[in-house]
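First up is the structure itself, then whatever we jot down about it.
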Amino acid sequence: YQSIVDQMTWGHRRLQDTFGTCGIPKIGWQIDPFGHSREQASIFAQIGFDGLFLQRLDYDDQNKRRAEKRMELIWQGSDDLGSAADMFTHAMEMGYGPPSGLNWELAGNSFNQGNDDPIIDDPESEDYNVDKTVDWFINYAKQYANNYATNNILFPMGTDFYYQSAEPYFKNMDKLIKYVNERKAKGSNINAFYSTPTCYMHGIHLSNYTFTTKKDDFFPYATAPHSFFTGYFTSRPA
């Protein structure tokens with residue numbers, strides 16, 4: 001773990017020199033490692049992080065957590081350090097990219113295809129689709145909320161190599177947020193807004209929910225039976 005400590009030390013010093021203490025990160029963002037070690041959570045807690053956001057969980061573990069609304073937890077990183085090594089941990093159920101249908105990247109890439117239909121809000125247009133899009137979003141949000149224990153959910157809007165052209169993407173997100181929130185006047189309880197992991201954690205804190213805990217690793221990582229992402233580091237030559 002020496003390299004992690006060295007890199008974090010250099011990075012934090014550089015950020016503090018450039019932006020002051022308010023520029024020091026408080027969130028761990030580990031969306032694509034193939035598993036996660038308990039010691040990593042302990043290190044992040046000792047660095048001063050308030051929370052960790054990750055995505056790749058073993059499929060069996062994820063399925064069980066989804067069913068029990070335990071996709072968020074308190075990861076206890078060290079028996080010796082006790083609560084000083086505790087880390088709020090959020091696991092993204094949908095992956096770390098946008099929901100299907102809301103990917104407005106012009107071209108996309110081999111991992112995440114973009115070019116979804118834009119939101120057309122001109123009522124005179126035959127392609128007008130605001131009501132259809134808002135209905136779909138609200139239904140999806142309600143279904144997605146079943147994976148989590150509080151009334152806060154996070155949609156990551158963006159992914160690998162994004163954005164090639166941010167303007168149309170954010171233009172569509174502006175429209176989505178506007179029209180989703182207009183539904184509240186008709187009784188909807190969905191409130192959509194731009195946020196950050198830190199702001200999301202503030203909402204979680206205000207919920208005053210008591211999360212379950214975890215003491216071991218998120219290893220090994222598998223995506224299906226007999227599909228384990230382990231063993232690719234070895235000291236033996238091929």
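Residues in the structure tokens are named by chain (A, B, ... in the order shown) and by number from 1 within that chain; ligands are numbered from 1 in the order shown.
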
- [ ] Could you give me the residues within region 63-226 of chain A that DSSP places in strand (DSSP E), as a PyMOL selection string?
- [x] chain A and resi 72-76+86-91+213-214+222-224

Selection from above, C-alpha atoms, as a CSV table (one decimal), in the first residue's frame, can you write it?
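result-v8.csv, written as the output of this step:
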```
chain,number,residue,atom,x,y,z
A,72,GLU,CA,-25.3,1.0,1.0
A,73,LEU,CA,-23.4,0.1,4.1
A,74,ILE,CA,-20.8,1.0,6.7
A,75,TRP,CA,-17.6,-0.7,5.9
A,76,GLN,CA,-15.6,-1.3,9.0
A,86,ASP,CA,-15.4,3.1,9.3
A,87,MET,CA,-16.4,4.2,5.8
A,88,PHE,CA,-19.9,4.8,4.4
A,89,THR,CA,-20.0,2.9,1.1
A,90,HIS,CA,-22.4,3.2,-1.8
A,91,ALA,CA,-22.6,0.5,-4.5
A,213,THR,CA,-22.0,-3.2,8.4
A,214,LYS,CA,-19.3,-5.2,6.6
A,222,ALA,CA,-17.3,-12.6,-10.3
A,223,THR,CA,-19.9,-11.5,-12.9
A,224,ALA,CA,-21.4,-15.0,-13.4
```

Using only C-alpha atoms, I'd like a table of the residues in region 60-160 of chain A that come within 12 Å of region 174-191 of chain A; for each, show the closest atom pair and its distance in Å rounded to one decimal, ordered by chain and ascending number, as a Markdown table.
```
| residue | atom | partner | partner_atom | distance |
| --- | --- | --- | --- | --- |
| A:Gly101 | CA | A:Leu176 | CA | 11.9 |
| A:Leu102 | CA | A:Leu176 | CA | 9.3 |
| A:Trp104 | CA | A:Leu176 | CA | 11.8 |
| A:Pro118 | CA | A:Lys175 | CA | 9.7 |
| A:Ile119 | CA | A:Lys175 | CA | 7.1 |
| A:Ile120 | CA | A:Lys175 | CA | 9.0 |
| A:Asp121 | CA | A:Lys175 | CA | 8.2 |
| A:Asp122 | CA | A:Lys175 | CA | 11.6 |
| A:Asn129 | CA | A:Leu176 | CA | 11.0 |
| A:Val130 | CA | A:Tyr179 | CA | 7.4 |
| A:Asp131 | CA | A:Tyr179 | CA | 8.4 |
| A:Lys132 | CA | A:Tyr179 | CA | 11.0 |
| A:Thr133 | CA | A:Leu176 | CA | 8.0 |
| A:Val134 | CA | A:Val180 | CA | 5.7 |
| A:Asp135 | CA | A:Val180 | CA | 8.5 |
| A:Trp136 | CA | A:Val180 | CA | 10.2 |
| A:Phe137 | CA | A:Val180 | CA | 7.9 |
| A:Ile138 | CA | A:Ile190 | CA | 6.9 |
| A:Asn139 | CA | A:Ile190 | CA | 9.8 |
| A:Tyr140 | CA | A:Ile190 | CA | 10.9 |
| A:Ala141 | CA | A:Ile190 | CA | 7.9 |
| A:Lys142 | CA | A:Ile190 | CA | 8.4 |
| A:Ala145 | CA | A:Ile190 | CA | 10.7 |
| A:Asn151 | CA | A:Ile190 | CA | 9.5 |
| A:Asn152 | CA | A:Asn191 | CA | 9.7 |
| A:Ile153 | CA | A:Asn191 | CA | 10.3 |
| A:Leu154 | CA | A:Asn191 | CA | 11.7 |
```

Open item on the list: Restricting the calculation to only C-alpha atoms: of A:Arg14, A:Phe229, A:Pro99, A:Gly51, which residue gets closest to Cys199 (chain A)?
Closed with: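 Among the listed residues, the smallest separation from Cys199 (chain A) belongs to A:Gly51.
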
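Of the listed residues A:Ser3, A:Thr9, A:Ser37, A:Ser42, the one whose atoms come nearest to Pro220 (chain A) is A:Ser37, with distances taken using only C-alpha atoms.
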